[in-house]
Amino acid sequence: MKPGLSDRLARLKKSQSSQPMTRIMSSSTAEGDISREIPSALKDDWKVLDKDLWVMERRCKSPLTDFKSSGLLVKDYPPQDQWLFYDTETTGLSGGAGNTAFLVGIGRPSGDEFLITQYFLRDYPGEPALLHYLKEEIARSELFISYNGKSFDKPLLETRFLMNRISCRMGPQLDLLYPVRSLFKNRLPNCRLGSVEELILGIHRTDDIPGSEIPDIWFEFLKEGSHPDLKRVMIHNDMDILSLAVLLNALENYMHFPDSLPICDSFALGRFLLDRNDPRALSFLESSVDQGDQRGEVLLSLHWKRQGEWEKAVQIWTNILKKRQSPFASVEMAKYLEHKKKDIPAALDIIDHLMRSMRPKSMLQKEELLHRRTRLIRKKETFVADTPCETVE
DNA sequence: CACATGCTTGATCCGAATGC
DNA sequence: GCATTCGGATCAAGCATGTG
């Protein structure tokens, strides 16, 4: 007779739950000693924390001493010592159970200092220990700051916790990738952290290791017990953590002083602020209009329209039409004339002129214009019929 | 290669205004 | 009372993109 499911689960649970801790405690001397020692190149910084787990701690000057929240990235920041910057180096990019974080770097501001701690997996059996230390760090943190962590690092770590039957929840996430994209997408070749460092923060890395080479270096290290580039991987991770802190400070500073960064995109900043109901949005959108940014004109005029500030909206549409042909501005003007000013002939003039001078981008646009035009003609005829002094042509 | 996110576009619904 | 139109809200789908 088969054992019941609950019996099997209970046995499984018993055998699994006792395993990790005993593994951590056991001082395995049975295996070959070749890879047991920390290589001399790392000896000064790294300490053995547990079986197959090394740790490195260093302090540097905090980039966040003049930090000032704008309230736009995070509503209410907890105290800085409850922030946790984090970044992982993993065995690959793929999700799923097979991908492991072999190096977890965390950073925590502490007064004038910034404390960076890195946990390095010397081999797979060290993972439960790594996760237990990480869990303690997570437990005393209220804000988790990363770059693309929401879709990469966080789910990956959660999977590792799950696989090791450790319950651990990370709190509110601040993923700096998204504000960077909103603000600088059009001013950068891409929004990778490296580009942001180089072109926005003015940080130039020397001898940085490309991310794509990192998994192989660890696998090679596992096999050989050493690798000449392992230190570069650790430095790479260390710099990522520090850059996160510099970047957060810069972004918040940018909200207060947009000229403080070498790159300023008035439209992007204006839209960013408008989305967050920040009244400063208008002046940035206006300056984007001054710089001839057509997206700024569209966004700003629609804002005024929504606010019922018709004169301001009309002013923008008029300016657009003075400069160039614009189906958007023409249609908006026609709507305004038809529904607000009740000047049907003027509205019809604009649509007529537009249809004569442009070739419609799409069938849909053409049909929409035609629809608008027939309605205006119908209205105009009745308008004329009601006005005896006008003569019908 | 997976996944979360944000942006864009299109579809749909609702309330209000207006004309008949 | 009915039909049309608009703006605004909301939602879904599609697309691009960063992470090692």
# chains A, B, ... in the order shown; residues from 1 in each chain; ligands from 1
>>> residues_around(residues="stretch 141-148 of chain A", least_positions_apart="5", cutoff="7 Å", atoms="only C-alpha atoms (C1' of nucleotides)", output="list in words")
Pro78, Gln82, Trp83, Leu84, Phe85, Tyr86, Asp87, Gly171, Pro172, Gln173, Leu174, Asp175, Leu176, Leu177 and Leu244 of chain A; DG18 and DT19 of chain C
>>> residues_around(residues="B:DA2", least_positions_apart="4", cutoff="10 Å", atoms="only C-alpha atoms (C1' of nucleotides)", output="list of chain:residue names")
A:Leu93, A:Ser94, A:Gly95, A:Gly96, A:Ser151, A:Phe152
>>> interface_residues(of="chain A", to="chain C", cutoff="9 Å", atoms="only C-alpha atoms (C1' of nucleotides)", output="CSV table (one decimal) with C-alpha atoms, in the first residue's frame")
chain,number,residue,atom,x,y,z
A,88,THR,CA,23.2,40.3,-7.7
A,89,GLU,CA,25.6,38.5,-10.0
A,90,THR,CA,24.1,35.3,-11.2
A,91,THR,CA,24.7,32.2,-13.3
A,92,GLY,CA,22.8,33.6,-16.2
A,93,LEU,CA,19.9,35.8,-17.4
A,94,SER,CA,17.2,33.2,-17.6
A,147,TYR,CA,18.4,48.7,-11.1
A,148,ASN,CA,15.9,46.5,-13.0
A,149,GLY,CA,15.6,44.6,-9.7
A,151,SER,CA,12.0,42.1,-12.9
A,152,PHE,CA,15.4,40.5,-12.4
A,153,ASP,CA,17.1,40.5,-9.0
A,177,LEU,CA,15.5,51.9,-14.2
A,190,ASN,CA,20.2,53.1,-24.1
A,191,CYS,CA,19.3,53.1,-20.4
A,192,ARG,CA,21.8,50.5,-19.2
A,193,LEU,CA,23.4,51.4,-15.9
A,211,GLY,CA,28.1,41.4,-17.6
A,212,SER,CA,27.9,38.6,-20.2
A,213,GLU,CA,31.3,37.2,-19.2
A,214,ILE,CA,30.4,36.9,-15.5
A,215,PRO,CA,28.5,33.6,-15.4
A,306,ARG,CA,-8.5,69.8,-19.8
A,335,LYS,CA,-13.4,71.3,-32.2
A,339,HIS,CA,-18.2,73.5,-29.7
>>> interface_residues(of="chain B", to="chain A", cutoff="10 Å", atoms="only C-alpha atoms (C1' of nucleotides)", output="CSV table (one decimal) with N, CA and C atoms (P, O5', C5', C4', C3', O3' and C1' of nucleotides), in the first residue's frame")
chain,number,residue,atom,x,y,z
B,1,DC,P,13.5,33.9,-27.1
B,1,DC,O5',14.3,33.5,-25.7
B,1,DC,C5',14.5,32.1,-25.3
B,1,DC,C4',15.3,32.1,-24.1
B,1,DC,C3',14.7,32.8,-22.9
B,1,DC,O3',13.8,32.0,-22.3
B,1,DC,C1',17.1,33.1,-23.0
B,2,DA,P,12.2,32.2,-22.3
B,2,DA,O5',11.9,32.8,-20.9
B,2,DA,C5',12.4,32.2,-19.7
B,2,DA,C4',12.0,33.1,-18.5
B,2,DA,C3',10.6,33.5,-18.5
B,2,DA,O3',10.1,33.6,-17.2
B,2,DA,C1',12.0,35.4,-18.7
B,3,DC,P,8.6,33.7,-16.9
B,3,DC,O5',8.6,35.1,-16.1
B,3,DC,C5',9.7,35.6,-15.3
B,3,DC,C4',9.7,37.1,-15.3
B,3,DC,C3',8.3,37.7,-15.4
B,3,DC,O3',8.1,38.3,-14.2
B,3,DC,C1',9.9,38.8,-16.8
B,4,DA,P,6.7,38.9,-13.7
B,4,DA,O5',7.0,40.5,-13.6
B,4,DA,C5',8.1,40.9,-12.8
B,4,DA,C4',8.3,42.4,-13.1
B,4,DA,C3',7.0,43.2,-13.0
B,4,DA,O3',7.3,44.3,-12.2
B,4,DA,C1',8.0,43.5,-15.1
B,5,DT,P,6.2,45.4,-11.9
B,5,DT,O5',6.4,46.5,-12.9
B,5,DT,C5',7.7,47.1,-13.0
B,5,DT,C4',7.7,47.9,-14.3
B,5,DT,C3',6.5,48.9,-14.5
B,5,DT,O3',7.0,50.2,-14.2
B,5,DT,C1',7.2,47.8,-16.5
B,6,DG,P,6.0,51.4,-14.1
B,6,DG,O5',6.1,52.1,-15.5
B,6,DG,C5',7.4,52.4,-16.0
B,6,DG,C4',7.2,52.8,-17.5
B,6,DG,C3',6.1,53.8,-17.8
B,6,DG,O3',6.5,54.7,-18.8
B,6,DG,C1',5.8,51.8,-19.1
B,7,DC,P,5.8,56.1,-18.9
B,7,DC,O5',5.6,56.3,-20.5
B,7,DC,C5',6.7,55.8,-21.4
B,7,DC,C4',6.0,55.3,-22.7
B,7,DC,C3',4.8,56.2,-23.1
B,7,DC,O3',5.1,56.8,-24.4
B,7,DC,C1',4.4,53.8,-23.3
B,17,DA,P,-23.9,70.0,-18.8
B,17,DA,O5',-23.9,70.3,-20.3
B,17,DA,C5',-22.7,70.4,-21.0
B,17,DA,C4',-22.9,70.4,-22.5
B,17,DA,C3',-24.1,71.4,-22.9
B,17,DA,O3',-23.6,72.3,-23.9
B,17,DA,C1',-24.4,69.2,-23.9
B,18,DT,P,-24.5,73.5,-24.3
B,18,DT,O5',-25.2,73.0,-25.7
B,18,DT,C5',-24.3,72.5,-26.7
B,18,DT,C4',-25.2,71.7,-27.7
B,18,DT,C3',-26.5,72.5,-28.1
B,18,DT,O3',-26.3,73.0,-29.4
B,18,DT,C1',-26.8,70.1,-27.9
B,19,DG,P,-27.5,73.9,-30.0
B,19,DG,O5',-28.1,72.8,-31.0
B,19,DG,C5',-27.3,72.0,-31.8
B,19,DG,C4',-28.1,71.0,-32.6
B,19,DG,C3',-29.4,71.7,-33.2
B,19,DG,O3',-29.6,71.2,-34.5
B,19,DG,C1',-30.0,69.8,-31.8
>>> select_by_dssp(residues="stretch 25-228 of chain A", states="strand (DSSP E or B)", output="number ranges by chain")
A: 46-50, 53-61, 83-90, 101-110, 113-121, 143-146, 173-175
>>> write_last_selection(atoms="N, CA and C atoms", output="short mmCIF file (atom, residue, chain, number, x, y, z; two decimals), in the first residue's frame")
data_model
loop_
_atom_site.label_atom_id
_atom_site.label_comp_id
_atom_site.auth_asym_id
_atom_site.auth_seq_id
_atom_site.Cartn_x
_atom_site.Cartn_y
_atom_site.Cartn_z
N TRP A 46 38.43 39.78 1.82
CA TRP A 46 37.40 38.77 2.01
C TRP A 46 37.68 37.86 3.20
N LYS A 47 36.59 37.50 3.89
CA LYS A 47 36.68 36.59 5.04
C LYS A 47 35.74 35.42 4.80
N VAL A 48 36.12 34.28 5.36
CA VAL A 48 35.21 33.14 5.32
C VAL A 48 34.14 33.36 6.38
N LEU A 49 32.89 33.36 5.93
CA LEU A 49 31.79 33.63 6.87
C LEU A 49 31.15 32.32 7.29
N ASP A 50 31.12 31.39 6.38
CA ASP A 50 30.46 30.11 6.65
C ASP A 50 30.97 29.13 5.61
N LEU A 53 30.88 30.12 1.94
CA LEU A 53 30.36 31.49 1.88
C LEU A 53 31.41 32.47 2.38
N TRP A 54 31.73 33.42 1.51
CA TRP A 54 32.69 34.47 1.89
C TRP A 54 31.94 35.79 2.03
N VAL A 55 32.58 36.68 2.76
CA VAL A 55 31.96 38.00 2.92
C VAL A 55 33.03 39.09 2.81
N MET A 56 32.62 40.21 2.26
CA MET A 56 33.50 41.36 2.19
C MET A 56 32.71 42.56 2.69
N GLU A 57 33.32 43.33 3.56
CA GLU A 57 32.66 44.55 4.03
C GLU A 57 33.60 45.71 3.82
N ARG A 58 33.06 46.81 3.32
CA ARG A 58 33.90 48.01 3.26
C ARG A 58 33.04 49.24 3.46
N ARG A 59 33.68 50.26 3.92
CA ARG A 59 32.97 51.52 4.14
C ARG A 59 33.56 52.57 3.24
N CYS A 60 32.71 53.44 2.76
CA CYS A 60 33.23 54.59 2.03
C CYS A 60 32.35 55.79 2.38
N LYS A 61 32.72 56.92 1.82
CA LYS A 61 31.95 58.12 2.10
C LYS A 61 30.56 57.98 1.46
N TRP A 83 17.43 51.75 4.32
CA TRP A 83 17.46 51.53 2.88
C TRP A 83 18.39 50.36 2.59
N LEU A 84 18.07 49.62 1.55
CA LEU A 84 18.96 48.55 1.12
C LEU A 84 19.14 48.61 -0.39
N PHE A 85 20.31 49.06 -0.82
CA PHE A 85 20.67 48.97 -2.23
C PHE A 85 21.12 47.54 -2.49
N TYR A 86 20.67 46.96 -3.58
CA TYR A 86 21.10 45.58 -3.83
C TYR A 86 21.30 45.29 -5.30
N ASP A 87 22.21 44.35 -5.53
CA ASP A 87 22.51 43.93 -6.91
C ASP A 87 23.11 42.53 -6.83
N THR A 88 22.70 41.68 -7.75
CA THR A 88 23.19 40.30 -7.72
C THR A 88 24.00 39.99 -8.98
N GLU A 89 24.97 39.12 -8.83
CA GLU A 89 25.63 38.51 -9.99
C GLU A 89 25.17 37.06 -10.01
N THR A 90 24.76 36.61 -11.18
CA THR A 90 24.07 35.33 -11.25
C THR A 90 24.70 34.41 -12.29
N ALA A 101 22.04 33.16 -7.68
CA ALA A 101 22.84 34.35 -7.39
C ALA A 101 24.07 33.91 -6.62
N PHE A 102 25.26 34.03 -7.22
CA PHE A 102 26.47 33.59 -6.52
C PHE A 102 27.17 34.75 -5.82
N LEU A 103 26.75 35.97 -6.16
CA LEU A 103 27.32 37.14 -5.49
C LEU A 103 26.20 38.14 -5.25
N VAL A 104 25.96 38.44 -3.99
CA VAL A 104 24.91 39.40 -3.65
C VAL A 104 25.57 40.58 -2.96
N GLY A 105 25.46 41.74 -3.58
CA GLY A 105 26.02 42.94 -2.98
C GLY A 105 24.91 43.81 -2.42
N ILE A 106 25.13 44.31 -1.23
CA ILE A 106 24.15 45.23 -0.66
C ILE A 106 24.86 46.48 -0.15
N GLY A 107 24.13 47.57 -0.15
CA GLY A 107 24.69 48.81 0.34
C GLY A 107 23.71 49.47 1.28
N ARG A 108 24.27 50.04 2.34
CA ARG A 108 23.38 50.68 3.30
C ARG A 108 24.01 51.99 3.78
N PRO A 109 23.31 53.12 3.64
CA PRO A 109 23.83 54.37 4.17
C PRO A 109 23.81 54.33 5.69
N SER A 110 24.83 54.89 6.28
CA SER A 110 24.90 54.92 7.74
C SER A 110 25.57 56.22 8.12
N GLU A 113 28.63 57.61 6.27
CA GLU A 113 29.28 56.49 5.60
C GLU A 113 28.29 55.67 4.78
N PHE A 114 28.87 54.93 3.87
CA PHE A 114 28.10 53.99 3.07
C PHE A 114 28.75 52.62 3.24
N LEU A 115 27.97 51.68 3.72
CA LEU A 115 28.52 50.36 4.04
C LEU A 115 28.12 49.37 2.96
N ILE A 116 29.15 48.83 2.31
CA ILE A 116 28.90 47.83 1.27
C ILE A 116 29.28 46.45 1.80
N THR A 117 28.35 45.53 1.67
CA THR A 117 28.62 44.14 2.08
C THR A 117 28.36 43.25 0.87
N GLN A 118 29.31 42.37 0.62
CA GLN A 118 29.13 41.42 -0.48
C GLN A 118 29.20 40.00 0.05
N TYR A 119 28.24 39.20 -0.36
CA TYR A 119 28.24 37.78 0.01
C TYR A 119 28.57 36.98 -1.24
N PHE A 120 29.59 36.16 -1.13
CA PHE A 120 30.03 35.39 -2.31
C PHE A 120 29.90 33.89 -2.03
N LEU A 121 29.26 33.24 -2.96
CA LEU A 121 29.05 31.80 -2.87
C LEU A 121 30.28 31.09 -3.44
N LEU A 143 13.15 49.79 2.54
CA LEU A 143 13.12 50.27 1.15
C LEU A 143 14.24 49.57 0.38
N PHE A 144 13.89 48.99 -0.76
CA PHE A 144 14.85 48.18 -1.52
C PHE A 144 15.10 48.84 -2.87
N ILE A 145 16.36 49.24 -3.06
CA ILE A 145 16.68 50.06 -4.22
C ILE A 145 17.58 49.26 -5.17
N SER A 146 17.20 49.26 -6.45
CA SER A 146 17.91 48.41 -7.40
C SER A 146 17.86 49.03 -8.79
N GLN A 173 9.77 48.44 -3.28
CA GLN A 173 10.88 48.49 -4.22
C GLN A 173 10.98 49.86 -4.88
N LEU A 174 12.20 50.35 -4.98
CA LEU A 174 12.46 51.53 -5.81
C LEU A 174 13.42 51.08 -6.90
N ASP A 175 12.89 50.90 -8.10
CA ASP A 175 13.70 50.43 -9.22
C ASP A 175 14.08 51.64 -10.07
#
>>> atom_distance(atom1="atom CA of A:His353", atom2="atom CA of A:Leu337")
14.6 Å
>>> atom_distance(atom1="atom CA of A:Arg122", atom2="atom CA of A:Ile138")
21.7 Å
